[in-house]
>>> print(open('my_file.pdb').read())   # PDB, C-alpha atoms and all ligand atoms
MODEL        1
ATOM      1  CA  MET A 788      78.845  77.448 106.093  1.00  0.00           C
ATOM      2  CA  SER A 789      81.422  79.117 108.386  1.00  0.00           C
ATOM      3  CA  ARG A 790      80.703  81.134 111.500  1.00  0.00           C
ATOM      4  CA  PRO A 791      82.269  84.538 112.296  1.00  0.00           C
ATOM      5  CA  PRO A 792      85.003  85.628 111.819  1.00  0.00           C
ATOM      6  CA  PHE A 793      85.211  83.138 108.961  1.00  0.00           C
ATOM      7  CA  ASP A 794      81.766  83.653 107.499  1.00  0.00           C
ATOM      8  CA  ALA A 795      80.677  82.943 105.016  1.00  0.00           C
ATOM      9  CA  LEU A 796      82.663  81.104 102.353  1.00  0.00           C
ATOM     10  CA  ASN A 797      86.045  80.620 103.989  1.00  0.00           C
ATOM     11  CA  LEU A 798      88.035  78.148 101.910  1.00  0.00           C
ATOM     12  CA  ALA A 799      91.184  77.849 104.064  1.00  0.00           C
ATOM     13  CA  ALA A 800      91.737  74.994 106.498  1.00  0.00           C
ATOM     14  CA  HIS A 801      94.733  76.586 108.263  1.00  0.00           C
ATOM     15  CA  VAL A 802      93.101  79.675 109.776  1.00  0.00           C
ATOM     16  CA  GLY A 803      91.246  78.169 112.751  1.00  0.00           C
ATOM     17  CA  ASP A 804      87.849  77.620 111.133  1.00  0.00           C
ATOM     18  CA  ASP A 805      85.798  74.468 111.755  1.00  0.00           C
ATOM     19  CA  PRO A 806      87.228  71.824 109.364  1.00  0.00           C
ATOM     20  CA  ASP A 807      83.737  70.532 108.568  1.00  0.00           C
ATOM     21  CA  ALA A 808      82.611  74.024 107.544  1.00  0.00           C
ATOM     22  CA  VAL A 809      85.691  74.461 105.335  1.00  0.00           C
ATOM     23  CA  ALA A 810      85.094  71.083 103.692  1.00  0.00           C
ATOM     24  CA  ALA A 811      81.451  72.002 103.072  1.00  0.00           C
ATOM     25  CA  ASN A 812      82.475  75.369 101.591  1.00  0.00           C
ATOM     26  CA  ARG A 813      85.003  73.716  99.283  1.00  0.00           C
ATOM     27  CA  GLU A 814      82.333  71.230  98.230  1.00  0.00           C
ATOM     28  CA  LEU A 815      80.068  74.165  97.319  1.00  0.00           C
ATOM     29  CA  VAL A 816      82.866  75.605  95.162  1.00  0.00           C
ATOM     30  CA  ARG A 817      83.495  72.237  93.507  1.00  0.00           C
ATOM     31  CA  ARG A 818      79.819  71.985  92.608  1.00  0.00           C
ATOM     32  CA  MET A 819      79.667  75.596  91.372  1.00  0.00           C
ATOM     33  CA  LEU A 820      82.654  74.847  89.129  1.00  0.00           C
ATOM     34  CA  GLY A 821      81.112  71.631  87.848  1.00  0.00           C
ATOM     35  CA  ALA A 822      84.386  69.907  88.733  1.00  0.00           C
ATOM     36  CA  ASP A 823      84.837  66.262  89.711  1.00  0.00           C
ATOM     37  CA  ASP A 824      87.494  67.119  92.272  1.00  0.00           C
ATOM     38  CA  LEU A 825      89.468  70.117  93.532  1.00  0.00           C
ATOM     39  CA  VAL A 826      93.180  70.773  94.106  1.00  0.00           C
ATOM     40  CA  VAL A 827      93.771  73.416  96.787  1.00  0.00           C
ATOM     41  CA  LEU A 828      96.977  75.423  96.640  1.00  0.00           C
ATOM     42  CA  THR A 829      99.161  75.622  99.726  1.00  0.00           C
ATOM     43  CA  ALA A 830     100.616  79.122  99.784  1.00  0.00           C
ATOM     44  CA  ALA A 831     104.360  78.622 100.215  1.00  0.00           C
ATOM     45  CA  HIS A 832     105.340  82.225  99.360  1.00  0.00           C
ATOM     46  CA  GLY A 833     107.899  81.027  96.828  1.00  0.00           C
ATOM     47  CA  ALA A 834     108.221  80.648  93.082  1.00  0.00           C
ATOM     48  CA  ASP A 835     107.825  76.893  92.703  1.00  0.00           C
ATOM     49  CA  VAL A 836     105.410  75.711  90.021  1.00  0.00           C
ATOM     50  CA  VAL A 837     104.084  72.178  90.192  1.00  0.00           C
ATOM     51  CA  SER A 838     101.773  70.015  88.099  1.00  0.00           C
ATOM     52  CA  THR A 839      99.272  67.607  89.519  1.00  0.00           C
ATOM     53  CA  ASP A 840      96.474  65.377  88.301  1.00  0.00           C
ATOM     54  CA  ARG A 841      95.013  64.531  91.704  1.00  0.00           C
ATOM     55  CA  GLY A 842      92.555  66.335  93.952  1.00  0.00           C
ATOM     56  CA  GLY A 843      93.166  67.334  97.567  1.00  0.00           C
ATOM     57  CA  PRO A 844      95.889  69.579  98.958  1.00  0.00           C
ATOM     58  CA  ALA A 845      98.454  70.534  96.326  1.00  0.00           C
ATOM     59  CA  PRO A 846     102.163  70.008  96.833  1.00  0.00           C
ATOM     60  CA  GLU A 847     103.795  73.012  98.550  1.00  0.00           C
ATOM     61  CA  ALA A 848     103.761  75.620  95.817  1.00  0.00           C
ATOM     62  CA  ASP A 849     102.184  78.918  94.851  1.00  0.00           C
ATOM     63  CA  ALA A 850     101.408  77.879  91.296  1.00  0.00           C
ATOM     64  CA  VAL A 851      99.761  74.636  90.252  1.00  0.00           C
ATOM     65  CA  ILE A 852      99.134  73.496  86.702  1.00  0.00           C
ATOM     66  CA  VAL A 853      96.423  70.957  85.950  1.00  0.00           C
ATOM     67  CA  ARG A 854      95.844  69.198  82.655  1.00  0.00           C
ATOM     68  CA  SER A 855      93.163  66.686  83.728  1.00  0.00           C
ATOM     69  CA  PRO A 856      89.680  67.691  82.554  1.00  0.00           C
ATOM     70  CA  GLY A 857      87.253  67.997  85.437  1.00  0.00           C
ATOM     71  CA  LEU A 858      89.956  68.635  88.026  1.00  0.00           C
ATOM     72  CA  GLY A 859      89.533  72.148  89.423  1.00  0.00           C
ATOM     73  CA  VAL A 860      92.367  74.098  90.994  1.00  0.00           C
ATOM     74  CA  LEU A 861      91.789  76.639  93.751  1.00  0.00           C
ATOM     75  CA  ALA A 862      94.095  79.455  94.919  1.00  0.00           C
ATOM     76  CA  LEU A 863      93.414  81.119  98.283  1.00  0.00           C
ATOM     77  CA  GLY A 864      94.068  84.658  99.410  1.00  0.00           C
ATOM     78  CA  ALA A 865      93.111  87.406 101.852  1.00  0.00           C
ATOM     79  CA  ASP A 866      95.022  90.432 100.469  1.00  0.00           C
ATOM     80  CA  CYS A 867      97.460  88.477  98.281  1.00  0.00           C
ATOM     81  CA  VAL A 868      96.733  88.269  94.555  1.00  0.00           C
ATOM     82  CA  THR A 869      95.123  85.135  93.177  1.00  0.00           C
ATOM     83  CA  LEU A 870      95.209  84.324  89.478  1.00  0.00           C
ATOM     84  CA  ALA A 871      93.537  81.753  87.273  1.00  0.00           C
ATOM     85  CA  LEU A 872      95.187  81.062  83.921  1.00  0.00           C
ATOM     86  CA  ALA A 873      93.951  79.092  80.940  1.00  0.00           C
ATOM     87  CA  GLY A 874      96.380  77.985  78.262  1.00  0.00           C
ATOM     88  CA  ASP A 875      95.590  79.189  74.755  1.00  0.00           C
ATOM     89  CA  ASP A 876      95.593  75.618  73.419  1.00  0.00           C
ATOM     90  CA  ASP A 877      92.783  74.461  75.757  1.00  0.00           C
ATOM     91  CA  THR A 878      94.932  71.738  77.326  1.00  0.00           C
ATOM     92  CA  CYS A 879      95.849  73.188  80.705  1.00  0.00           C
ATOM     93  CA  VAL A 880      94.786  75.561  83.441  1.00  0.00           C
ATOM     94  CA  ALA A 881      96.695  76.981  86.389  1.00  0.00           C
ATOM     95  CA  ALA A 882      96.022  78.805  89.638  1.00  0.00           C
ATOM     96  CA  VAL A 883      98.561  81.111  91.260  1.00  0.00           C
ATOM     97  CA  HIS A 884      98.937  82.776  94.666  1.00  0.00           C
ATOM     98  CA  CYS A 885     101.150  85.867  94.746  1.00  0.00           C
ATOM     99  CA  GLY A 886     101.960  88.143  97.655  1.00  0.00           C
ATOM    100  CA  TRP A 887     104.947  90.488  97.832  1.00  0.00           C
ATOM    101  CA  ARG A 888     107.341  87.537  98.048  1.00  0.00           C
ATOM    102  CA  GLY A 889     105.743  86.021  94.962  1.00  0.00           C
ATOM    103  CA  LEU A 890     106.113  89.351  93.172  1.00  0.00           C
ATOM    104  CA  VAL A 891     109.819  89.484  94.035  1.00  0.00           C
ATOM    105  CA  SER A 892     110.403  85.862  92.992  1.00  0.00           C
ATOM    106  CA  ASP A 893     108.154  86.237  89.895  1.00  0.00           C
ATOM    107  CA  VAL A 894     105.910  83.269  90.533  1.00  0.00           C
ATOM    108  CA  VAL A 895     103.617  84.575  87.773  1.00  0.00           C
ATOM    109  CA  GLY A 896     106.443  84.443  85.224  1.00  0.00           C
ATOM    110  CA  GLY A 897     107.298  80.970  86.536  1.00  0.00           C
ATOM    111  CA  ALA A 898     103.751  79.772  85.925  1.00  0.00           C
ATOM    112  CA  LEU A 899     103.695  81.233  82.408  1.00  0.00           C
ATOM    113  CA  ARG A 900     107.109  79.675  81.683  1.00  0.00           C
ATOM    114  CA  ALA A 901     105.742  76.292  82.835  1.00  0.00           C
ATOM    115  CA  LEU A 902     102.719  76.724  80.545  1.00  0.00           C
ATOM    116  CA  ALA A 903     105.073  77.602  77.687  1.00  0.00           C
ATOM    117  CA  ASP A 904     107.045  74.407  78.383  1.00  0.00           C
ATOM    118  CA  LEU A 905     103.771  72.556  77.799  1.00  0.00           C
ATOM    119  CA  GLY A 906     103.327  74.407  74.502  1.00  0.00           C
ATOM    120  CA  ALA A 907     100.704  76.850  75.763  1.00  0.00           C
ATOM    121  CA  GLY A 908     100.642  80.623  75.877  1.00  0.00           C
ATOM    122  CA  PRO A 909      98.329  82.628  78.133  1.00  0.00           C
ATOM    123  CA  GLY A 910      94.841  82.298  76.643  1.00  0.00           C
ATOM    124  CA  ALA A 911      92.797  83.873  79.414  1.00  0.00           C
ATOM    125  CA  VAL A 912      93.691  85.308  82.795  1.00  0.00           C
ATOM    126  CA  VAL A 913      91.441  86.108  85.737  1.00  0.00           C
ATOM    127  CA  VAL A 914      92.885  88.296  88.496  1.00  0.00           C
ATOM    128  CA  GLY A 915      91.162  88.004  91.861  1.00  0.00           C
ATOM    129  CA  PRO A 916      90.611  90.645  94.536  1.00  0.00           C
ATOM    130  CA  ALA A 917      93.682  91.911  96.400  1.00  0.00           C
ATOM    131  CA  ILE A 918      94.746  94.679  98.742  1.00  0.00           C
ATOM    132  CA  CYS A 919      95.405  97.954  96.913  1.00  0.00           C
ATOM    133  CA  GLY A 920      98.630  99.903  97.224  1.00  0.00           C
ATOM    134  CA  ALA A 921      97.080 102.711  99.268  1.00  0.00           C
ATOM    135  CA  CYS A 922      96.009 100.178 101.920  1.00  0.00           C
ATOM    136  CA  TYR A 923      99.332  98.343 101.941  1.00  0.00           C
ATOM    137  CA  PRO A 924     102.150 100.462 103.415  1.00  0.00           C
ATOM    138  CA  VAL A 925     105.435  98.558 103.671  1.00  0.00           C
ATOM    139  CA  PRO A 926     108.852  99.240 105.229  1.00  0.00           C
ATOM    140  CA  PRO A 927     111.331 101.041 102.927  1.00  0.00           C
ATOM    141  CA  GLU A 928     113.624  97.985 102.799  1.00  0.00           C
ATOM    142  CA  ARG A 929     110.851  96.023 101.082  1.00  0.00           C
ATOM    143  CA  ILE A 930     110.675  98.671  98.365  1.00  0.00           C
ATOM    144  CA  VAL A 931     114.427  98.261  97.899  1.00  0.00           C
ATOM    145  CA  GLU A 932     113.954  94.504  97.568  1.00  0.00           C
ATOM    146  CA  VAL A 933     111.235  94.961  94.934  1.00  0.00           C
ATOM    147  CA  ARG A 934     113.361  97.438  92.953  1.00  0.00           C
ATOM    148  CA  ASP A 935     116.405  95.124  93.182  1.00  0.00           C
ATOM    149  CA  SER A 936     114.552  91.950  92.171  1.00  0.00           C
ATOM    150  CA  CYS A 937     111.823  92.949  89.728  1.00  0.00           C
ATOM    151  CA  ALA A 938     112.045  94.252  86.176  1.00  0.00           C
ATOM    152  CA  PRO A 939     111.951  98.080  86.114  1.00  0.00           C
ATOM    153  CA  ALA A 940     108.436  98.165  84.627  1.00  0.00           C
ATOM    154  CA  VAL A 941     107.191  95.804  87.330  1.00  0.00           C
ATOM    155  CA  ALA A 942     108.765  97.800  90.160  1.00  0.00           C
ATOM    156  CA  ALA A 943     107.451 101.049  88.660  1.00  0.00           C
ATOM    157  CA  ALA A 944     103.924  99.647  88.638  1.00  0.00           C
ATOM    158  CA  ALA A 945     104.068  98.082  92.104  1.00  0.00           C
ATOM    159  CA  VAL A 946     105.716 100.831  94.159  1.00  0.00           C
ATOM    160  CA  VAL A 947     103.251 103.504  95.207  1.00  0.00           C
ATOM    161  CA  ARG A 948     102.963 106.273  97.785  1.00  0.00           C
ATOM    162  CA  CYS A 949     100.299 105.747 100.457  1.00  0.00           C
ATOM    163  CA  PRO A 950      98.018 108.639 101.508  1.00  0.00           C
ATOM    164  CA  ASP A 951     100.038 109.114 104.731  1.00  0.00           C
ATOM    165  CA  GLY A 952     103.264 109.451 102.741  1.00  0.00           C
ATOM    166  CA  GLN A 953     104.643 105.980 103.495  1.00  0.00           C
ATOM    167  CA  PRO A 954     105.784 103.768 100.632  1.00  0.00           C
ATOM    168  CA  GLY A 955     103.230 101.167  99.625  1.00  0.00           C
ATOM    169  CA  LEU A 956     103.086  98.113  97.413  1.00  0.00           C
ATOM    170  CA  ASP A 957     100.409  97.437  94.829  1.00  0.00           C
ATOM    171  CA  VAL A 958     101.181  93.776  94.229  1.00  0.00           C
ATOM    172  CA  ARG A 959      98.327  93.404  91.763  1.00  0.00           C
ATOM    173  CA  ALA A 960      99.672  96.240  89.595  1.00  0.00           C
ATOM    174  CA  GLY A 961     103.084  94.549  89.671  1.00  0.00           C
ATOM    175  CA  VAL A 962     101.519  91.246  88.644  1.00  0.00           C
ATOM    176  CA  LEU A 963      99.770  92.942  85.718  1.00  0.00           C
ATOM    177  CA  ALA A 964     103.153  94.314  84.604  1.00  0.00           C
ATOM    178  CA  GLN A 965     104.639  90.808  84.858  1.00  0.00           C
ATOM    179  CA  LEU A 966     101.754  89.448  82.783  1.00  0.00           C
ATOM    180  CA  ALA A 967     102.345  92.148  80.166  1.00  0.00           C
ATOM    181  CA  GLU A 968     105.943  90.949  79.773  1.00  0.00           C
ATOM    182  CA  TRP A 969     104.461  87.623  78.611  1.00  0.00           C
ATOM    183  CA  GLY A 970     102.095  89.263  76.160  1.00  0.00           C
ATOM    184  CA  ALA A 971      99.067  88.909  78.432  1.00  0.00           C
ATOM    185  CA  ASP A 972      97.407  92.285  78.025  1.00  0.00           C
ATOM    186  CA  GLY A 973      94.027  93.711  78.939  1.00  0.00           C
ATOM    187  CA  SER A 974      92.296  91.937  76.061  1.00  0.00           C
ATOM    188  CA  ILE A 975      92.579  88.551  77.806  1.00  0.00           C
ATOM    189  CA  ILE A 976      92.492  89.697  81.447  1.00  0.00           C
ATOM    190  CA  THR A 977      89.353  89.744  83.590  1.00  0.00           C
ATOM    191  CA  HIS A 978      89.384  91.473  86.977  1.00  0.00           C
ATOM    192  CA  LEU A 979      87.247  90.258  89.865  1.00  0.00           C
ATOM    193  CA  GLY A 980      86.734  92.318  92.971  1.00  0.00           C
ATOM    194  CA  GLY A 981      88.452  95.385  94.283  1.00  0.00           C
ATOM    195  CA  CYS A 982      90.506  96.059  97.402  1.00  0.00           C
ATOM    196  CA  THR A 983      90.212  93.363 100.069  1.00  0.00           C
ATOM    197  CA  ALA A 984      90.968  95.850 102.856  1.00  0.00           C
ATOM    198  CA  GLU A 985      88.175  98.192 101.745  1.00  0.00           C
ATOM    199  CA  ASP A 986      85.427  95.763 100.728  1.00  0.00           C
ATOM    200  CA  ALA A 987      83.532  94.343 103.727  1.00  0.00           C
ATOM    201  CA  ASP A 988      82.431  91.380 101.596  1.00  0.00           C
ATOM    202  CA  LEU A 989      86.041  90.180 101.230  1.00  0.00           C
ATOM    203  CA  PHE A 990      88.427  88.623 103.708  1.00  0.00           C
ATOM    204  CA  SER A 991      91.421  90.832 104.542  1.00  0.00           C
ATOM    205  CA  HIS A 992      94.283  89.712 106.747  1.00  0.00           C
ATOM    206  CA  ARG A 993      95.472  93.331 106.961  1.00  0.00           C
ATOM    207  CA  ARG A 994      92.090  94.560 108.162  1.00  0.00           C
ATOM    208  CA  HIS A 995      91.000  91.682 110.375  1.00  0.00           C
ATOM    209  CA  GLY A 996      94.032  89.596 111.328  1.00  0.00           C
ATOM    210  CA  ARG A 997      92.222  86.355 112.181  1.00  0.00           C
ATOM    211  CA  THR A 998      89.965  85.800 109.216  1.00  0.00           C
ATOM    212  CA  GLY A 999      89.139  83.502 106.334  1.00  0.00           C
ATOM    213  CA  ARG A1000      90.454  83.198 102.795  1.00  0.00           C
ATOM    214  CA  GLN A1001      88.536  83.738  99.581  1.00  0.00           C
ATOM    215  CA  GLY A1002      89.484  81.749  96.567  1.00  0.00           C
ATOM    216  CA  LEU A1003      89.775  81.816  92.832  1.00  0.00           C
ATOM    217  CA  ALA A1004      89.201  78.532  91.051  1.00  0.00           C
ATOM    218  CA  ILE A1005      89.402  77.297  87.496  1.00  0.00           C
ATOM    219  CA  VAL A1006      88.564  74.015  85.795  1.00  0.00           C
ATOM    220  CA  ARG A1007      88.976  72.724  82.277  1.00  0.00           C
ATOM    221  CA  HIS A1008      85.915  70.874  81.073  1.00  0.00           C
ATOM    222  CA  ALA A1009      86.405  67.949  78.738  1.00  0.00           C
TER
HETATM  223 ZN    ZN A1101      92.580  99.599  99.423  1.00  0.00          ZN
ENDMDL
END
>>> encode(input="my_file.pdb", output="structure tokens")
Amino acid sequence: MSRPPFDALNLAAHVGDDPDAVAANRELVRRMLGADDLVVLTAAHGADVVSTDRGGPAPEADAVIVRSPGLGVLALGADCVTLALAGDDDTCVAAVHCGWRGLVSDVVGGALRALADLGAGPGAVVVGPAICGACYPVPPERIVEVRDSCAPAVAAAAVVRCPDGQPGLDVRAGVLAQLAEWGADGSIITHLGGCTAEDADLFSHRRHGRTGRQGLAIVRHA
């Protein structure tokens, strides 16, 4: 329902889009999900994991766990990685937002630890579109931060060399390495979409600056 530069299905209310259009877009997603209500993650660029059983904006966190059937949870991104997780005991779902800060603070591991505290392992994982490493050059000090903070296998997967020779970060590859540490391998992982900076059908903050956010949503049906 949004107009340029937010067309068509912008799901973020904080980017300057018409609030009525955003609400209508979110309502479309809720209906597509078959959910009664929708929790929308607020990207805080940290590692906090929260649980909620109410719709509307989520508490400030990059990972939200929902146990109520019919309550969908929506993560937003425009280059950052979005993930939807379903517990292997069919009692909980989670949505996660992870940019480079989330990679460094291991928000994905935090979400899986919170699921484990509820007695659930990763049953299914969907990884949304994200910027690829070749399109995401970063300053050398950020590479140092990733190598200092992340497990060696995670840093090895995430740190790449861009075509122009600059260091780059492939956050999605790092996230996949973090998932692997929790036993979530390719057999339970579904990938949606490619590189946000290269695909004109996706929102990319890197490519466009002022733009919308796509989303990845999950709901547990009763
Ligand atoms: Zn790319």
>>> closest_atom_pairs(input="my_file.pdb", of="chain A", to="ligand ZN 1101 (chain A)", cutoff="7 Å", atoms="all atoms listed in the file", output="Markdown table")
| residue | atom | partner | partner_atom | distance |
| --- | --- | --- | --- | --- |
| A:Ile918 | CA | A:ZN1101 | ZN | 5.4 |
| A:Cys919 | CA | A:ZN1101 | ZN | 4.1 |
| A:Gly920 | CA | A:ZN1101 | ZN | 6.4 |
| A:Ala921 | CA | A:ZN1101 | ZN | 5.5 |
| A:Cys922 | CA | A:ZN1101 | ZN | 4.3 |
| A:Cys982 | CA | A:ZN1101 | ZN | 4.6 |
| A:Thr983 | CA | A:ZN1101 | ZN | 6.7 |
| A:Ala984 | CA | A:ZN1101 | ZN | 5.3 |
| A:Glu985 | CA | A:ZN1101 | ZN | 5.2 |
>>> resolve_selection(input="my_file.pdb", expression="the PyMOL selection byres (((chain A and resi 886-901) around 8) and not hetatm)", output="JSON, numbers by chain")
{"A": [832, 833, 834, 835, 836, 849, 850, 851, 852, 866, 867, 868, 881, 883, 884, 885, 902, 903, 904, 905, 908, 909, 932, 933, 936, 937, 956, 958, 961, 962, 965, 966, 969]}
>>> write_last_selection(input="my_file.pdb", atoms="C-alpha atoms", output="PDB file, in the coordinates of the input")
ATOM      1  CA  HIS A 832     105.340  82.225  99.360  1.00  0.00           C
ATOM      2  CA  GLY A 833     107.899  81.027  96.828  1.00  0.00           C
ATOM      3  CA  ALA A 834     108.221  80.648  93.082  1.00  0.00           C
ATOM      4  CA  ASP A 835     107.825  76.893  92.703  1.00  0.00           C
ATOM      5  CA  VAL A 836     105.410  75.711  90.021  1.00  0.00           C
ATOM      6  CA  ASP A 849     102.184  78.918  94.851  1.00  0.00           C
ATOM      7  CA  ALA A 850     101.408  77.879  91.296  1.00  0.00           C
ATOM      8  CA  VAL A 851      99.761  74.636  90.252  1.00  0.00           C
ATOM      9  CA  ILE A 852      99.134  73.496  86.702  1.00  0.00           C
ATOM     10  CA  ASP A 866      95.022  90.432 100.469  1.00  0.00           C
ATOM     11  CA  CYS A 867      97.460  88.477  98.281  1.00  0.00           C
ATOM     12  CA  VAL A 868      96.733  88.269  94.555  1.00  0.00           C
ATOM     13  CA  ALA A 881      96.695  76.981  86.389  1.00  0.00           C
ATOM     14  CA  VAL A 883      98.561  81.111  91.260  1.00  0.00           C
ATOM     15  CA  HIS A 884      98.937  82.776  94.666  1.00  0.00           C
ATOM     16  CA  CYS A 885     101.150  85.867  94.746  1.00  0.00           C
ATOM     17  CA  LEU A 902     102.719  76.724  80.545  1.00  0.00           C
ATOM     18  CA  ALA A 903     105.073  77.602  77.687  1.00  0.00           C
ATOM     19  CA  ASP A 904     107.045  74.407  78.383  1.00  0.00           C
ATOM     20  CA  LEU A 905     103.771  72.556  77.799  1.00  0.00           C
ATOM     21  CA  GLY A 908     100.642  80.623  75.877  1.00  0.00           C
ATOM     22  CA  PRO A 909      98.329  82.628  78.133  1.00  0.00           C
ATOM     23  CA  GLU A 932     113.954  94.504  97.568  1.00  0.00           C
ATOM     24  CA  VAL A 933     111.235  94.961  94.934  1.00  0.00           C
ATOM     25  CA  SER A 936     114.552  91.950  92.171  1.00  0.00           C
ATOM     26  CA  CYS A 937     111.823  92.949  89.728  1.00  0.00           C
ATOM     27  CA  LEU A 956     103.086  98.113  97.413  1.00  0.00           C
ATOM     28  CA  VAL A 958     101.181  93.776  94.229  1.00  0.00           C
ATOM     29  CA  GLY A 961     103.084  94.549  89.671  1.00  0.00           C
ATOM     30  CA  VAL A 962     101.519  91.246  88.644  1.00  0.00           C
ATOM     31  CA  GLN A 965     104.639  90.808  84.858  1.00  0.00           C
ATOM     32  CA  LEU A 966     101.754  89.448  82.783  1.00  0.00           C
ATOM     33  CA  TRP A 969     104.461  87.623  78.611  1.00  0.00           C
TER      34      TRP A 969
END
>>> resolve_selection(input="my_file.pdb", expression="the PyMOL selection byres (((chain A and resi 996) around 12) and not hetatm)", output="JSON, numbers by chain")
{"A": [792, 793, 802, 803, 865, 866, 984, 990, 991, 992, 993, 994, 995, 997, 998, 999, 1000]}
>>> resolve_selection(input="my_file.pdb", expression="the PyMOL selection byres (((chain A and resi 869) around 8) and not hetatm)", output="short mmCIF file (atom, residue, chain, number, x, y, z; two decimals) with C-alpha atoms, keeping the file's coordinate frame")
data_model
loop_
_atom_site.label_atom_id
_atom_site.label_comp_id
_atom_site.auth_asym_id
_atom_site.auth_seq_id
_atom_site.Cartn_x
_atom_site.Cartn_y
_atom_site.Cartn_z
CA ALA A 862 94.10 79.46 94.92
CA LEU A 863 93.41 81.12 98.28
CA GLY A 864 94.07 84.66 99.41
CA CYS A 867 97.46 88.48 98.28
CA VAL A 868 96.73 88.27 94.56
CA LEU A 870 95.21 84.32 89.48
CA ALA A 871 93.54 81.75 87.27
CA ALA A 882 96.02 78.81 89.64
CA VAL A 883 98.56 81.11 91.26
CA HIS A 884 98.94 82.78 94.67
CA CYS A 885 101.15 85.87 94.75
CA VAL A 914 92.88 88.30 88.50
CA GLY A 915 91.16 88.00 91.86
CA PRO A 916 90.61 90.64 94.54
CA ALA A 917 93.68 91.91 96.40
CA GLY A 1002 89.48 81.75 96.57
CA LEU A 1003 89.78 81.82 92.83
#
>>> closest_residue(input="my_file.pdb", among="A:Leu825, A:Val912, A:Ala945, A:Ala960", to="His978 in chain A", atoms="all atoms listed in the file")
A:Val912
>>> atom_distance(input="my_file.pdb", atom1="CA of Ala911 in chain A", atom2="CA of Leu979 in chain A")
13.4 Å
>>> build_atoms(input="my_file.pdb", residues="range 992-1003 of chain A", atoms="N, CA, C and O atoms", output="PDB file, in the frame of the given file")
ATOM      1  N   HIS A 992      93.397  89.980 105.612  1.00  0.00           N
ATOM      2  CA  HIS A 992      94.283  89.712 106.747  1.00  0.00           C
ATOM      3  C   HIS A 992      94.750  91.032 107.346  1.00  0.00           C
ATOM      4  O   HIS A 992      94.853  91.192 108.565  1.00  0.00           O
ATOM      5  N   ARG A 993      95.033  92.015 106.506  1.00  0.00           N
ATOM      6  CA  ARG A 993      95.472  93.331 106.961  1.00  0.00           C
ATOM      7  C   ARG A 993      94.428  93.977 107.867  1.00  0.00           C
ATOM      8  O   ARG A 993      94.729  94.560 108.891  1.00  0.00           O
ATOM      9  N   ARG A 994      93.162  93.867 107.452  1.00  0.00           N
ATOM     10  CA  ARG A 994      92.090  94.560 108.162  1.00  0.00           C
ATOM     11  C   ARG A 994      91.655  93.802 109.411  1.00  0.00           C
ATOM     12  O   ARG A 994      91.355  94.392 110.435  1.00  0.00           O
ATOM     13  N   HIS A 995      91.619  92.480 109.313  1.00  0.00           N
ATOM     14  CA  HIS A 995      91.000  91.682 110.375  1.00  0.00           C
ATOM     15  C   HIS A 995      91.963  90.814 111.164  1.00  0.00           C
ATOM     16  O   HIS A 995      91.593  90.341 112.233  1.00  0.00           O
ATOM     17  N   GLY A 996      93.159  90.547 110.645  1.00  0.00           N
ATOM     18  CA  GLY A 996      94.032  89.596 111.328  1.00  0.00           C
ATOM     19  C   GLY A 996      93.486  88.188 111.185  1.00  0.00           C
ATOM     20  O   GLY A 996      93.635  87.561 110.147  1.00  0.00           O
ATOM     21  N   ARG A 997      92.784  87.706 112.221  1.00  0.00           N
ATOM     22  CA  ARG A 997      92.222  86.355 112.181  1.00  0.00           C
ATOM     23  C   ARG A 997      90.975  86.374 111.297  1.00  0.00           C
ATOM     24  O   ARG A 997      89.947  86.958 111.667  1.00  0.00           O
ATOM     25  N   THR A 998      91.081  85.748 110.155  1.00  0.00           N
ATOM     26  CA  THR A 998      89.965  85.800 109.216  1.00  0.00           C
ATOM     27  C   THR A 998      90.074  84.648 108.228  1.00  0.00           C
ATOM     28  O   THR A 998      90.992  83.829 108.321  1.00  0.00           O
ATOM     29  N   GLY A 999      89.143  84.583 107.302  1.00  0.00           N
ATOM     30  CA  GLY A 999      89.139  83.502 106.334  1.00  0.00           C
ATOM     31  C   GLY A 999      89.924  83.841 105.079  1.00  0.00           C
ATOM     32  O   GLY A 999      90.651  84.834 105.030  1.00  0.00           O
ATOM     33  N   ARG A1000      89.812  82.986 104.098  1.00  0.00           N
ATOM     34  CA  ARG A1000      90.454  83.198 102.795  1.00  0.00           C
ATOM     35  C   ARG A1000      89.403  83.006 101.701  1.00  0.00           C
ATOM     36  O   ARG A1000      88.696  82.002 101.697  1.00  0.00           O
ATOM     37  N   GLN A1001      89.342  83.967 100.771  1.00  0.00           N
ATOM     38  CA  GLN A1001      88.536  83.738  99.581  1.00  0.00           C
ATOM     39  C   GLN A1001      89.387  82.968  98.583  1.00  0.00           C
ATOM     40  O   GLN A1001      90.588  82.759  98.796  1.00  0.00           O
ATOM     41  N   GLY A1002      88.744  82.552  97.538  1.00  0.00           N
ATOM     42  CA  GLY A1002      89.484  81.749  96.567  1.00  0.00           C
ATOM     43  C   GLY A1002      89.105  82.078  95.150  1.00  0.00           C
ATOM     44  O   GLY A1002      88.061  82.671  94.867  1.00  0.00           O
ATOM     45  N   LEU A1003      90.010  81.695  94.264  1.00  0.00           N
ATOM     46  CA  LEU A1003      89.775  81.816  92.832  1.00  0.00           C
ATOM     47  C   LEU A1003      90.049  80.442  92.244  1.00  0.00           C
ATOM     48  O   LEU A1003      91.119  79.870  92.480  1.00  0.00           O
TER      49      LEU A1003
END
